[in-house]
Amino acid sequence: MKLALKGKTVLVTGSNRGIGKAFVEALIARGASRIYAAARQLSDAQALASCAPEVVVAMQLDITNASEIASVAATITHLDILINNAGVAQGSGFSGEGSLEIARTEMATNYFGSLNLTHALLPVLRASSAAAIVNISSIAGISNFPALGPYSASKAAVHSFIQGLRAELRNSNILVQGVYPGPVDTRMAEGASEKADPAEVVDCVLKGLENGQEDIFPDVFSQAMYRAFCQNPKLLEQQFAQMSGLAG
């Protein structure tokens with residue numbers, strides 16, 4: 001299902017910086033009629049909304065907070081596109097000190113946060129004539145990147161969520177899109193040597209929506225890694241371990 005973006009009403013989580021901010025800017029340029037820019041701190045979202053107050057509405061939303069999700073769901077009476085972008089990465093493996101708490105935090109945000117928000121907004125999305133749910137996973141959700149072990153596991157859960165939700169909504173008015181970037185030039189990817197530009201990632205995602213594409217690998221790194229996964233998953237697992245400096 002192809003999706004025209006002009007005139008659409010969109011909610012972007014984690015909109016205050018990085019990919020989220022780039023989504024808001026690109027959607028303004030493509031003629032979206034209403035953009036709900038959500039962030040954990042309302043002041044961050046308000047700063048973004050001030051650039052286009054006639055289109056952008058600031059919303060406070062911590063996607064791990066059930067009451068804030070309920071408030072957003074009660075406020076938004078029309079929605080065409082939900083972009084589940086908010087996420088965290090704390091740079092941990094599975095066996096180090098503090099790794100269990102990091103795993104819980106990352107799963108709570110990256111998986112359960114998006115899951116809970118999507119569930120809350122499905123009724124209003126179903127009421128749209130042509131809707132989409134965009135879920136930002138990661139190429140690390142396809143094959144675990146050991147230096148980001150719990151993060152990778154949370155994004156693998158997002159990948160499985162995308163597949164399951166897509167199957168459930170196959171015959172509906174809702175396109176379910178999965179996005180699997182490699183390192184992107186945001187605060188989350190500080191230290192990575194090769195990073196994609198957030199605006200280029202977003203442009204690829206939005207063009208995918210316009211063309212009805214379900215799976216998006218928006219940068220050279222993710223495209224190469226997915227090809228490697230399709231050809232030899234075990235070899236990619238070993239390559240990721242070597243890249244992380246954890247191979248024996």
# chains A, B, ... in the order shown; residues from 1 in each chain; ligands from 1
$ select_by_dssp --residues "range 26-150 of chain A" --states "helix (DSSP H, G or I)" --output "short mmCIF file (atom, residue, chain, number, x, y, z; two decimals) with all heavy atoms, in the first residue's frame"
data_model
loop_
_atom_site.label_atom_id
_atom_site.label_comp_id
_atom_site.auth_asym_id
_atom_site.auth_seq_id
_atom_site.Cartn_x
_atom_site.Cartn_y
_atom_site.Cartn_z
N ALA A 26 11.56 16.69 7.83
CA ALA A 26 11.23 16.16 6.51
C ALA A 26 9.73 16.10 6.27
O ALA A 26 9.25 16.34 5.15
CB ALA A 26 11.84 14.77 6.35
N LEU A 27 8.97 15.80 7.31
CA LEU A 27 7.51 15.74 7.17
C LEU A 27 6.92 17.13 6.94
O LEU A 27 5.95 17.28 6.19
CB LEU A 27 6.90 15.10 8.41
CG LEU A 27 7.11 13.59 8.51
CD1 LEU A 27 6.86 13.11 9.94
CD2 LEU A 27 6.21 12.84 7.53
N ILE A 28 7.50 18.15 7.55
CA ILE A 28 7.08 19.52 7.28
C ILE A 28 7.29 19.84 5.80
O ILE A 28 6.40 20.36 5.12
CB ILE A 28 7.85 20.52 8.16
CG1 ILE A 28 7.48 20.37 9.63
CG2 ILE A 28 7.59 21.96 7.69
CD1 ILE A 28 8.38 21.15 10.57
N ALA A 29 8.47 19.48 5.30
CA ALA A 29 8.81 19.76 3.90
C ALA A 29 7.91 19.00 2.93
O ALA A 29 7.64 19.48 1.83
CB ALA A 29 10.28 19.41 3.65
N LEU A 42 9.02 18.03 27.76
CA LEU A 42 8.16 18.87 26.95
C LEU A 42 8.92 20.07 26.38
O LEU A 42 8.68 20.49 25.24
CB LEU A 42 6.97 19.35 27.77
CG LEU A 42 5.93 20.19 27.01
CD1 LEU A 42 5.34 19.42 25.85
CD2 LEU A 42 4.83 20.65 27.97
N SER A 43 9.85 20.61 27.14
CA SER A 43 10.61 21.78 26.66
C SER A 43 11.39 21.46 25.40
O SER A 43 11.52 22.32 24.51
CB SER A 43 11.56 22.27 27.76
OG SER A 43 12.46 21.24 28.15
N ASP A 44 11.91 20.23 25.29
CA ASP A 44 12.64 19.84 24.08
C ASP A 44 11.71 19.82 22.87
O ASP A 44 12.06 20.28 21.78
CB ASP A 44 13.27 18.47 24.26
CG ASP A 44 14.39 18.47 25.28
OD1 ASP A 44 14.96 19.55 25.54
OD2 ASP A 44 14.71 17.40 25.82
N ALA A 45 10.52 19.28 23.06
CA ALA A 45 9.55 19.22 21.97
C ALA A 45 9.05 20.62 21.60
O ALA A 45 8.83 20.92 20.42
CB ALA A 45 8.38 18.33 22.37
N GLN A 46 8.89 21.48 22.59
CA GLN A 46 8.42 22.84 22.33
C GLN A 46 9.42 23.63 21.50
O GLN A 46 9.03 24.43 20.64
CB GLN A 46 8.14 23.56 23.65
CG GLN A 46 6.90 23.06 24.36
CD GLN A 46 6.75 23.62 25.76
OE1 GLN A 46 7.73 23.93 26.43
NE2 GLN A 46 5.51 23.74 26.23
N ALA A 47 10.70 23.41 21.73
CA ALA A 47 11.72 24.10 20.94
C ALA A 47 11.62 23.73 19.47
O ALA A 47 11.77 24.56 18.59
CB ALA A 47 13.11 23.75 21.48
N LEU A 48 11.31 22.47 19.21
CA LEU A 48 11.15 22.01 17.83
C LEU A 48 9.86 22.55 17.24
O LEU A 48 9.82 23.00 16.09
CB LEU A 48 11.15 20.48 17.80
CG LEU A 48 11.07 19.79 16.43
CD1 LEU A 48 12.24 20.21 15.55
CD2 LEU A 48 11.07 18.28 16.61
N ALA A 49 8.79 22.55 18.02
CA ALA A 49 7.49 23.02 17.52
C ALA A 49 7.51 24.49 17.17
O ALA A 49 6.76 24.94 16.29
CB ALA A 49 6.41 22.73 18.56
N ALA A 66 3.04 4.62 31.48
CA ALA A 66 1.70 4.23 31.04
C ALA A 66 0.71 5.39 31.07
O ALA A 66 -0.14 5.53 30.19
CB ALA A 66 1.18 3.08 31.90
N SER A 67 0.81 6.26 32.07
CA SER A 67 -0.14 7.38 32.17
C SER A 67 0.09 8.39 31.06
O SER A 67 -0.87 8.99 30.55
CB SER A 67 -0.03 8.05 33.54
OG SER A 67 1.25 8.64 33.72
N GLU A 68 1.34 8.59 30.66
CA GLU A 68 1.61 9.52 29.56
C GLU A 68 1.15 8.95 28.23
O GLU A 68 0.66 9.67 27.36
CB GLU A 68 3.10 9.89 29.53
CG GLU A 68 3.51 10.74 30.72
CD GLU A 68 4.93 11.29 30.63
OE1 GLU A 68 5.56 11.14 29.56
OE2 GLU A 68 5.40 11.86 31.63
N ILE A 69 1.29 7.64 28.05
CA ILE A 69 0.75 7.00 26.85
C ILE A 69 -0.77 7.16 26.80
O ILE A 69 -1.34 7.50 25.76
CB ILE A 69 1.13 5.51 26.80
CG1 ILE A 69 2.63 5.35 26.48
CG2 ILE A 69 0.30 4.75 25.75
CD1 ILE A 69 3.11 3.92 26.48
N ALA A 70 -1.43 6.94 27.93
CA ALA A 70 -2.88 7.08 27.99
C ALA A 70 -3.31 8.51 27.67
O ALA A 70 -4.31 8.74 26.98
CB ALA A 70 -3.40 6.66 29.35
N SER A 71 -2.55 9.48 28.16
CA SER A 71 -2.87 10.89 27.90
C SER A 71 -2.74 11.22 26.42
O SER A 71 -3.60 11.91 25.86
CB SER A 71 -1.93 11.79 28.72
OG SER A 71 -2.16 13.14 28.44
N VAL A 72 -1.70 10.73 25.79
CA VAL A 72 -1.51 10.95 24.35
C VAL A 72 -2.64 10.31 23.56
O VAL A 72 -3.21 10.90 22.64
CB VAL A 72 -0.14 10.41 23.90
CG1 VAL A 72 -0.06 10.31 22.38
CG2 VAL A 72 0.98 11.31 24.43
N ALA A 73 -2.98 9.07 23.91
CA ALA A 73 -4.05 8.37 23.21
C ALA A 73 -5.39 9.08 23.37
O ALA A 73 -6.22 9.07 22.45
CB ALA A 73 -4.15 6.93 23.72
N ALA A 74 -5.61 9.71 24.50
CA ALA A 74 -6.85 10.44 24.73
C ALA A 74 -6.86 11.77 23.99
O ALA A 74 -7.93 12.29 23.63
CB ALA A 74 -7.05 10.68 26.22
N THR A 75 -5.69 12.34 23.75
CA THR A 75 -5.58 13.65 23.11
C THR A 75 -5.70 13.57 21.59
O THR A 75 -6.34 14.41 20.96
CB THR A 75 -4.23 14.31 23.47
OG1 THR A 75 -4.16 14.47 24.89
CG2 THR A 75 -4.07 15.66 22.79
N SER A 99 24.84 -5.12 33.63
CA SER A 99 24.25 -5.48 32.34
C SER A 99 22.78 -5.87 32.44
O SER A 99 22.00 -5.62 31.53
CB SER A 99 25.04 -6.61 31.67
OG SER A 99 25.03 -7.77 32.47
N LEU A 100 22.38 -6.47 33.56
CA LEU A 100 20.98 -6.87 33.70
C LEU A 100 20.06 -5.66 33.79
O LEU A 100 18.99 -5.64 33.17
CB LEU A 100 20.81 -7.77 34.93
CG LEU A 100 21.51 -9.13 34.87
CD1 LEU A 100 21.25 -9.91 36.16
CD2 LEU A 100 21.03 -9.93 33.66
N GLU A 101 20.47 -4.65 34.53
CA GLU A 101 19.66 -3.44 34.63
C GLU A 101 19.61 -2.71 33.29
O GLU A 101 18.55 -2.18 32.90
CB GLU A 101 20.22 -2.52 35.71
CG GLU A 101 19.38 -1.27 35.95
CD GLU A 101 17.94 -1.59 36.34
OE1 GLU A 101 17.71 -2.61 37.03
OE2 GLU A 101 17.05 -0.81 35.95
N ILE A 102 20.73 -2.69 32.59
CA ILE A 102 20.76 -2.08 31.26
C ILE A 102 19.82 -2.82 30.33
O ILE A 102 19.05 -2.20 29.57
CB ILE A 102 22.20 -2.07 30.70
CG1 ILE A 102 23.03 -1.02 31.44
CG2 ILE A 102 22.21 -1.79 29.20
CD1 ILE A 102 24.51 -1.06 31.12
N ALA A 103 19.83 -4.13 30.38
CA ALA A 103 18.94 -4.93 29.53
C ALA A 103 17.47 -4.61 29.82
O ALA A 103 16.66 -4.48 28.90
CB ALA A 103 19.21 -6.42 29.72
N ARG A 104 17.14 -4.48 31.10
CA ARG A 104 15.75 -4.17 31.46
C ARG A 104 15.36 -2.78 30.94
O ARG A 104 14.25 -2.59 30.41
CB ARG A 104 15.58 -4.24 32.98
CG ARG A 104 15.43 -5.66 33.52
CD ARG A 104 15.04 -5.65 34.99
NE ARG A 104 16.17 -5.30 35.83
CZ ARG A 104 17.01 -6.19 36.38
NH1 ARG A 104 16.83 -7.48 36.17
NH2 ARG A 104 18.01 -5.79 37.13
N THR A 105 16.26 -1.81 31.08
CA THR A 105 15.98 -0.45 30.63
C THR A 105 15.79 -0.40 29.12
O THR A 105 14.84 0.23 28.62
CB THR A 105 17.11 0.49 31.04
OG1 THR A 105 17.20 0.53 32.46
CG2 THR A 105 16.89 1.90 30.50
N GLU A 106 16.68 -1.05 28.40
CA GLU A 106 16.61 -1.01 26.94
C GLU A 106 15.39 -1.76 26.42
O GLU A 106 14.73 -1.31 25.47
CB GLU A 106 17.90 -1.56 26.34
CG GLU A 106 19.07 -0.62 26.61
CD GLU A 106 20.40 -1.11 26.07
OE1 GLU A 106 20.54 -2.33 25.79
OE2 GLU A 106 21.31 -0.28 25.94
N MET A 107 15.04 -2.87 27.02
CA MET A 107 13.85 -3.60 26.59
C MET A 107 12.59 -2.80 26.92
O MET A 107 11.64 -2.76 26.13
CB MET A 107 13.80 -4.98 27.25
CG MET A 107 12.74 -5.90 26.68
SD MET A 107 13.03 -6.39 24.95
CE MET A 107 14.31 -7.64 25.17
N ALA A 108 12.57 -2.14 28.07
CA ALA A 108 11.40 -1.35 28.48
C ALA A 108 11.13 -0.22 27.49
O ALA A 108 9.97 0.08 27.18
CB ALA A 108 11.61 -0.79 29.87
N THR A 109 12.19 0.42 27.01
CA THR A 109 12.02 1.52 26.07
C THR A 109 11.86 1.03 24.64
O THR A 109 10.87 1.33 23.97
CB THR A 109 13.21 2.49 26.16
OG1 THR A 109 13.31 3.00 27.48
CG2 THR A 109 13.03 3.64 25.19
N ASN A 110 12.85 0.29 24.17
CA ASN A 110 12.92 -0.03 22.75
C ASN A 110 11.82 -0.98 22.30
O ASN A 110 11.30 -0.84 21.19
CB ASN A 110 14.28 -0.63 22.41
CG ASN A 110 15.43 0.32 22.71
OD1 ASN A 110 15.21 1.52 22.85
ND2 ASN A 110 16.63 -0.21 22.84
N TYR A 111 11.45 -1.93 23.16
CA TYR A 111 10.41 -2.89 22.79
C TYR A 111 9.07 -2.57 23.43
O TYR A 111 8.10 -2.23 22.75
CB TYR A 111 10.85 -4.32 23.14
CG TYR A 111 9.74 -5.33 22.93
CD1 TYR A 111 9.18 -5.52 21.66
CD2 TYR A 111 9.25 -6.09 23.99
CE1 TYR A 111 8.15 -6.44 21.47
CE2 TYR A 111 8.23 -7.01 23.79
CZ TYR A 111 7.69 -7.18 22.53
OH TYR A 111 6.67 -8.07 22.34
N PHE A 112 9.00 -2.65 24.76
CA PHE A 112 7.70 -2.49 25.42
C PHE A 112 7.12 -1.09 25.22
O PHE A 112 5.90 -0.92 25.11
CB PHE A 112 7.80 -2.84 26.91
CG PHE A 112 7.85 -4.30 27.18
CD1 PHE A 112 9.01 -4.90 27.62
CD2 PHE A 112 6.73 -5.10 26.96
CE1 PHE A 112 9.07 -6.27 27.87
CE2 PHE A 112 6.77 -6.46 27.20
CZ PHE A 112 7.93 -7.06 27.65
N GLY A 113 7.97 -0.07 25.18
CA GLY A 113 7.47 1.28 24.96
C GLY A 113 6.76 1.40 23.63
O GLY A 113 5.62 1.91 23.55
N SER A 114 7.40 0.94 22.57
CA SER A 114 6.78 0.99 21.25
C SER A 114 5.55 0.09 21.16
O SER A 114 4.53 0.45 20.55
CB SER A 114 7.80 0.59 20.17
OG SER A 114 8.83 1.56 20.10
N LEU A 115 5.64 -1.08 21.78
CA LEU A 115 4.51 -2.01 21.79
C LEU A 115 3.30 -1.38 22.48
O LEU A 115 2.17 -1.39 21.94
CB LEU A 115 4.91 -3.29 22.51
CG LEU A 115 3.81 -4.32 22.80
CD1 LEU A 115 3.27 -4.90 21.51
CD2 LEU A 115 4.33 -5.43 23.71
N ASN A 116 3.50 -0.80 23.65
CA ASN A 116 2.39 -0.23 24.42
C ASN A 116 1.78 0.98 23.71
O ASN A 116 0.55 1.13 23.68
CB ASN A 116 2.86 0.16 25.82
CG ASN A 116 3.20 -1.04 26.68
OD1 ASN A 116 2.69 -2.14 26.45
ND2 ASN A 116 4.08 -0.85 27.65
N LEU A 117 2.63 1.83 23.13
CA LEU A 117 2.11 3.00 22.44
C LEU A 117 1.33 2.59 21.20
O LEU A 117 0.25 3.13 20.92
CB LEU A 117 3.26 3.93 22.06
CG LEU A 117 2.85 5.22 21.33
CD1 LEU A 117 1.96 6.09 22.22
CD2 LEU A 117 4.08 5.99 20.87
N THR A 118 1.86 1.64 20.46
CA THR A 118 1.16 1.16 19.26
C THR A 118 -0.21 0.60 19.61
O THR A 118 -1.21 0.89 18.96
CB THR A 118 2.00 0.09 18.54
OG1 THR A 118 3.26 0.65 18.16
CG2 THR A 118 1.30 -0.43 17.30
N HIS A 119 -0.25 -0.21 20.66
CA HIS A 119 -1.52 -0.81 21.08
C HIS A 119 -2.54 0.27 21.45
O HIS A 119 -3.73 0.18 21.09
CB HIS A 119 -1.28 -1.74 22.26
CG HIS A 119 -2.44 -2.62 22.59
ND1 HIS A 119 -3.46 -2.21 23.44
CD2 HIS A 119 -2.77 -3.87 22.18
CE1 HIS A 119 -4.35 -3.18 23.54
NE2 HIS A 119 -3.96 -4.19 22.79
N ALA A 120 -2.06 1.32 22.12
CA ALA A 120 -2.96 2.39 22.55
C ALA A 120 -3.50 3.20 21.37
O ALA A 120 -4.64 3.72 21.43
CB ALA A 120 -2.23 3.31 23.51
N LEU A 121 -2.73 3.31 20.31
CA LEU A 121 -3.11 4.15 19.17
C LEU A 121 -3.71 3.38 18.00
O LEU A 121 -4.14 3.99 17.02
CB LEU A 121 -1.91 4.96 18.70
CG LEU A 121 -1.41 6.02 19.68
CD1 LEU A 121 -0.13 6.66 19.19
CD2 LEU A 121 -2.47 7.09 19.92
N LEU A 122 -3.76 2.07 18.09
CA LEU A 122 -4.33 1.29 16.99
C LEU A 122 -5.77 1.68 16.66
O LEU A 122 -6.11 1.76 15.47
CB LEU A 122 -4.25 -0.21 17.30
CG LEU A 122 -3.02 -0.94 16.76
CD1 LEU A 122 -3.01 -2.39 17.22
CD2 LEU A 122 -2.97 -0.87 15.24
N PRO A 123 -6.65 1.93 17.63
CA PRO A 123 -8.02 2.30 17.26
C PRO A 123 -8.08 3.54 16.37
O PRO A 123 -8.84 3.58 15.39
CB PRO A 123 -8.68 2.54 18.61
CG PRO A 123 -7.93 1.67 19.56
CD PRO A 123 -6.50 1.75 19.09
N VAL A 124 -7.31 4.57 16.70
CA VAL A 124 -7.36 5.79 15.90
C VAL A 124 -6.67 5.59 14.55
O VAL A 124 -7.08 6.18 13.53
CB VAL A 124 -6.77 6.99 16.69
CG1 VAL A 124 -5.27 6.89 16.84
CG2 VAL A 124 -7.15 8.31 16.03
N LEU A 125 -5.65 4.75 14.48
CA LEU A 125 -5.02 4.43 13.20
C LEU A 125 -5.97 3.65 12.29
O LEU A 125 -6.01 3.86 11.08
CB LEU A 125 -3.73 3.64 13.43
CG LEU A 125 -2.55 4.44 13.98
CD1 LEU A 125 -1.47 3.50 14.53
CD2 LEU A 125 -1.95 5.33 12.89
N ARG A 126 -6.73 2.75 12.88
CA ARG A 126 -7.70 1.97 12.09
C ARG A 126 -8.77 2.89 11.47
O ARG A 126 -9.33 2.57 10.42
CB ARG A 126 -8.38 0.93 12.98
CG ARG A 126 -7.49 -0.24 13.38
CD ARG A 126 -8.29 -1.26 14.18
NE ARG A 126 -7.48 -2.31 14.76
CZ ARG A 126 -7.11 -3.42 14.11
NH1 ARG A 126 -7.47 -3.60 12.85
NH2 ARG A 126 -6.38 -4.34 14.73
N ILE A 139 19.97 -2.81 12.33
CA ILE A 139 20.61 -3.98 11.72
C ILE A 139 21.11 -4.91 12.82
O ILE A 139 21.21 -6.13 12.63
CB ILE A 139 21.76 -3.56 10.77
CG1 ILE A 139 22.18 -4.74 9.90
CG2 ILE A 139 22.92 -2.95 11.53
CD1 ILE A 139 21.10 -5.28 8.99
N ALA A 140 21.37 -4.37 14.02
CA ALA A 140 21.77 -5.20 15.17
C ALA A 140 20.60 -6.05 15.67
O ALA A 140 20.81 -6.97 16.46
CB ALA A 140 22.30 -4.33 16.30
N GLY A 141 19.39 -5.74 15.24
CA GLY A 141 18.24 -6.58 15.57
C GLY A 141 18.12 -7.78 14.66
O GLY A 141 17.36 -8.71 14.95
N PRO A 146 27.73 -7.79 19.57
CA PRO A 146 28.05 -8.09 20.97
C PRO A 146 28.37 -6.90 21.85
O PRO A 146 28.08 -6.93 23.05
CB PRO A 146 29.26 -9.03 20.84
CG PRO A 146 29.08 -9.70 19.52
CD PRO A 146 28.51 -8.63 18.63
N ALA A 147 28.96 -5.84 21.31
CA ALA A 147 29.25 -4.67 22.13
C ALA A 147 27.97 -3.94 22.54
O ALA A 147 27.98 -3.10 23.44
CB ALA A 147 30.17 -3.71 21.38
N LEU A 148 26.88 -4.29 21.88
CA LEU A 148 25.56 -3.73 22.20
C LEU A 148 24.57 -4.89 22.37
O LEU A 148 23.48 -4.88 21.81
CB LEU A 148 25.08 -2.81 21.06
CG LEU A 148 25.88 -1.53 20.82
CD1 LEU A 148 25.49 -0.91 19.49
CD2 LEU A 148 25.64 -0.53 21.95
N GLY A 149 24.97 -5.85 23.18
CA GLY A 149 24.20 -7.09 23.28
C GLY A 149 22.75 -6.91 23.68
O GLY A 149 21.84 -7.30 22.95
N PRO A 150 22.45 -6.33 24.86
CA PRO A 150 21.05 -6.13 25.26
C PRO A 150 20.28 -5.22 24.31
O PRO A 150 19.10 -5.44 24.05
CB PRO A 150 21.17 -5.51 26.66
CG PRO A 150 22.49 -6.00 27.17
CD PRO A 150 23.38 -6.00 25.96
#
$ residues_around --residues "range 210-212 of chain A" --least-positions-apart "2" --cutoff "10 Å" --atoms "only C-alpha atoms" --output "ChimeraX atom specification"
/A:1-5,132,175-177,204-208,214-215
$ closest_residue --among "A:Ala130, A:Gln60, A:Val10, A:Ala22" --to "Thr77 in chain A" --atoms "only C-alpha atoms"
A:Val10
$ atom_distance --atom1 "CA of Val158 in chain A" --atom2 "CA of Ser137 in chain A"
5.9 Å
$ atom_distance --atom1 "CA of Arg30 in chain A" --atom2 "CA of Val184 in chain A"
22.1 Å
$ select_by_dssp --residues "range 13-182 of chain A" --states "strand (DSSP E)" --output "list in words"
Arg34, Ile35, Tyr36, Ala37, Ala38, Ala39, Val56, Val57, Ala58, Met59, Gln60, Ile81, Leu82, Ile83, Asn84, Ala131, Ala132, Ile133, Val134, Asn135, Ile136, Ile174, Leu175, Val176, Gln177, Gly178 and Val179 of chain A
$ residues_around --residues "Ala131 in chain A" --least-positions-apart "3" --cutoff "7 Å" --atoms "only C-alpha atoms" --output "ChimeraX atom specification"
/A:80-81,125,128,173-175
$ write_last_selection --atoms "N, CA and C atoms" --output "PDB file, in the first residue's frame"
ATOM      1  N   ASP A  80      -2.714   9.339  11.145  1.00  0.00           N
ATOM      2  CA  ASP A  80      -2.460   8.538   9.950  1.00  0.00           C
ATOM      3  C   ASP A  80      -1.173   7.731  10.043  1.00  0.00           C
ATOM      4  N   ILE A  81      -0.161   8.299  10.693  1.00  0.00           N
ATOM      5  CA  ILE A  81       1.149   7.644  10.735  1.00  0.00           C
ATOM      6  C   ILE A  81       1.721   7.734  12.143  1.00  0.00           C
ATOM      7  N   LEU A 125      -5.653   4.751  14.476  1.00  0.00           N
ATOM      8  CA  LEU A 125      -5.019   4.430  13.196  1.00  0.00           C
ATOM      9  C   LEU A 125      -5.969   3.646  12.294  1.00  0.00           C
ATOM     10  N   SER A 128      -8.247   5.758  10.179  1.00  0.00           N
ATOM     11  CA  SER A 128      -7.689   6.467   9.028  1.00  0.00           C
ATOM     12  C   SER A 128      -7.978   5.692   7.746  1.00  0.00           C
ATOM     13  N   ASN A 173      -6.088  -1.354   6.666  1.00  0.00           N
ATOM     14  CA  ASN A 173      -5.673  -0.106   6.025  1.00  0.00           C
ATOM     15  C   ASN A 173      -4.325   0.382   6.523  1.00  0.00           C
ATOM     16  N   ILE A 174      -3.582  -0.455   7.282  1.00  0.00           N
ATOM     17  CA  ILE A 174      -2.357  -0.012   7.953  1.00  0.00           C
ATOM     18  C   ILE A 174      -1.130  -0.738   7.395  1.00  0.00           C
ATOM     19  N   LEU A 175      -0.211   0.026   6.839  1.00  0.00           N
ATOM     20  CA  LEU A 175       1.081  -0.496   6.414  1.00  0.00           C
ATOM     21  C   LEU A 175       2.012  -0.544   7.623  1.00  0.00           C
TER      22      LEU A 175
END
$ residues_around --residues "range 229-236 of chain A" --least-positions-apart "3" --cutoff "12 Å" --atoms "only C-alpha atoms" --output "list in words"
Ile139, Ala140, Gly141, Ile142, Ser143, Asn144, Phe145, Pro146, Ser222, Gln223, Ala224, Met225, Tyr226, Gln239, Phe240, Ala241, Gln242 and Met243 of chain A
$ write_last_selection --atoms "N, CA, C and O atoms" --output "mmCIF file, in the first residue's frame"
data_model
loop_
_atom_site.group_PDB
_atom_site.id
_atom_site.type_symbol
_atom_site.label_atom_id
_atom_site.label_comp_id
_atom_site.auth_asym_id
_atom_site.auth_seq_id
_atom_site.Cartn_x
_atom_site.Cartn_y
_atom_site.Cartn_z
ATOM 1 N N ILE A 139 19.970 -2.809 12.327
ATOM 2 C CA ILE A 139 20.609 -3.977 11.725
ATOM 3 C C ILE A 139 21.110 -4.912 12.823
ATOM 4 O O ILE A 139 21.208 -6.127 12.628
ATOM 5 N N ALA A 140 21.370 -4.371 14.021
ATOM 6 C CA ALA A 140 21.766 -5.198 15.170
ATOM 7 C C ALA A 140 20.604 -6.048 15.671
ATOM 8 O O ALA A 140 20.806 -6.969 16.461
ATOM 9 N N GLY A 141 19.385 -5.741 15.238
ATOM 10 C CA GLY A 141 18.241 -6.578 15.566
ATOM 11 C C GLY A 141 18.122 -7.784 14.657
ATOM 12 O O GLY A 141 17.356 -8.713 14.947
ATOM 13 N N ILE A 142 18.878 -7.779 13.560
ATOM 14 C CA ILE A 142 18.905 -8.922 12.639
ATOM 15 C C ILE A 142 19.971 -9.917 13.070
ATOM 16 O O ILE A 142 19.778 -11.135 13.018
ATOM 17 N N SER A 143 21.121 -9.415 13.510
ATOM 18 C CA SER A 143 22.197 -10.254 14.035
ATOM 19 C C SER A 143 22.864 -9.503 15.175
ATOM 20 O O SER A 143 23.245 -8.339 15.008
ATOM 21 N N ASN A 144 22.990 -10.130 16.329
ATOM 22 C CA ASN A 144 23.430 -9.446 17.541
ATOM 23 C C ASN A 144 24.833 -8.871 17.413
ATOM 24 O O ASN A 144 25.768 -9.557 17.008
ATOM 25 N N PHE A 145 24.948 -7.583 17.777
ATOM 26 C CA PHE A 145 26.241 -6.916 17.817
ATOM 27 C C PHE A 145 26.730 -6.976 19.257
ATOM 28 O O PHE A 145 26.168 -6.302 20.127
ATOM 29 N N PRO A 146 27.733 -7.792 19.567
ATOM 30 C CA PRO A 146 28.054 -8.095 20.966
ATOM 31 C C PRO A 146 28.373 -6.895 21.850
ATOM 32 O O PRO A 146 28.075 -6.925 23.048
ATOM 33 N N SER A 222 24.010 -0.960 6.643
ATOM 34 C CA SER A 222 22.921 -1.902 6.899
ATOM 35 C C SER A 222 22.619 -2.749 5.670
ATOM 36 O O SER A 222 22.309 -3.940 5.787
ATOM 37 N N GLN A 223 22.720 -2.169 4.505
ATOM 38 C CA GLN A 223 22.480 -2.918 3.272
ATOM 39 C C GLN A 223 23.510 -4.030 3.100
ATOM 40 O O GLN A 223 23.168 -5.174 2.763
ATOM 41 N N ALA A 224 24.790 -3.709 3.358
ATOM 42 C CA ALA A 224 25.841 -4.715 3.238
ATOM 43 C C ALA A 224 25.677 -5.816 4.284
ATOM 44 O O ALA A 224 25.842 -7.012 3.976
ATOM 45 N N MET A 225 25.338 -5.440 5.512
ATOM 46 C CA MET A 225 25.175 -6.425 6.572
ATOM 47 C C MET A 225 23.963 -7.330 6.311
ATOM 48 O O MET A 225 24.005 -8.532 6.593
ATOM 49 N N TYR A 226 22.894 -6.761 5.755
ATOM 50 C CA TYR A 226 21.718 -7.600 5.477
ATOM 51 C C TYR A 226 22.006 -8.568 4.339
ATOM 52 O O TYR A 226 21.568 -9.727 4.383
ATOM 53 N N GLN A 239 31.468 -12.044 12.106
ATOM 54 C CA GLN A 239 32.009 -10.741 11.708
ATOM 55 C C GLN A 239 31.652 -9.667 12.731
ATOM 56 O O GLN A 239 32.493 -8.830 13.084
ATOM 57 N N PHE A 240 30.429 -9.695 13.224
ATOM 58 C CA PHE A 240 30.034 -8.735 14.241
ATOM 59 C C PHE A 240 30.862 -8.910 15.509
ATOM 60 O O PHE A 240 31.253 -7.936 16.161
ATOM 61 N N ALA A 241 31.137 -10.140 15.880
ATOM 62 C CA ALA A 241 31.970 -10.399 17.058
ATOM 63 C C ALA A 241 33.380 -9.844 16.865
ATOM 64 O O ALA A 241 33.970 -9.251 17.774
ATOM 65 N N GLN A 242 33.921 -10.008 15.671
ATOM 66 C CA GLN A 242 35.259 -9.493 15.374
ATOM 67 C C GLN A 242 35.273 -7.968 15.379
ATOM 68 O O GLN A 242 36.198 -7.343 15.910
ATOM 69 N N MET A 243 34.227 -7.352 14.824
ATOM 70 C CA MET A 243 34.137 -5.905 14.805
ATOM 71 C C MET A 243 34.070 -5.353 16.221
ATOM 72 O O MET A 243 34.547 -4.257 16.502
#
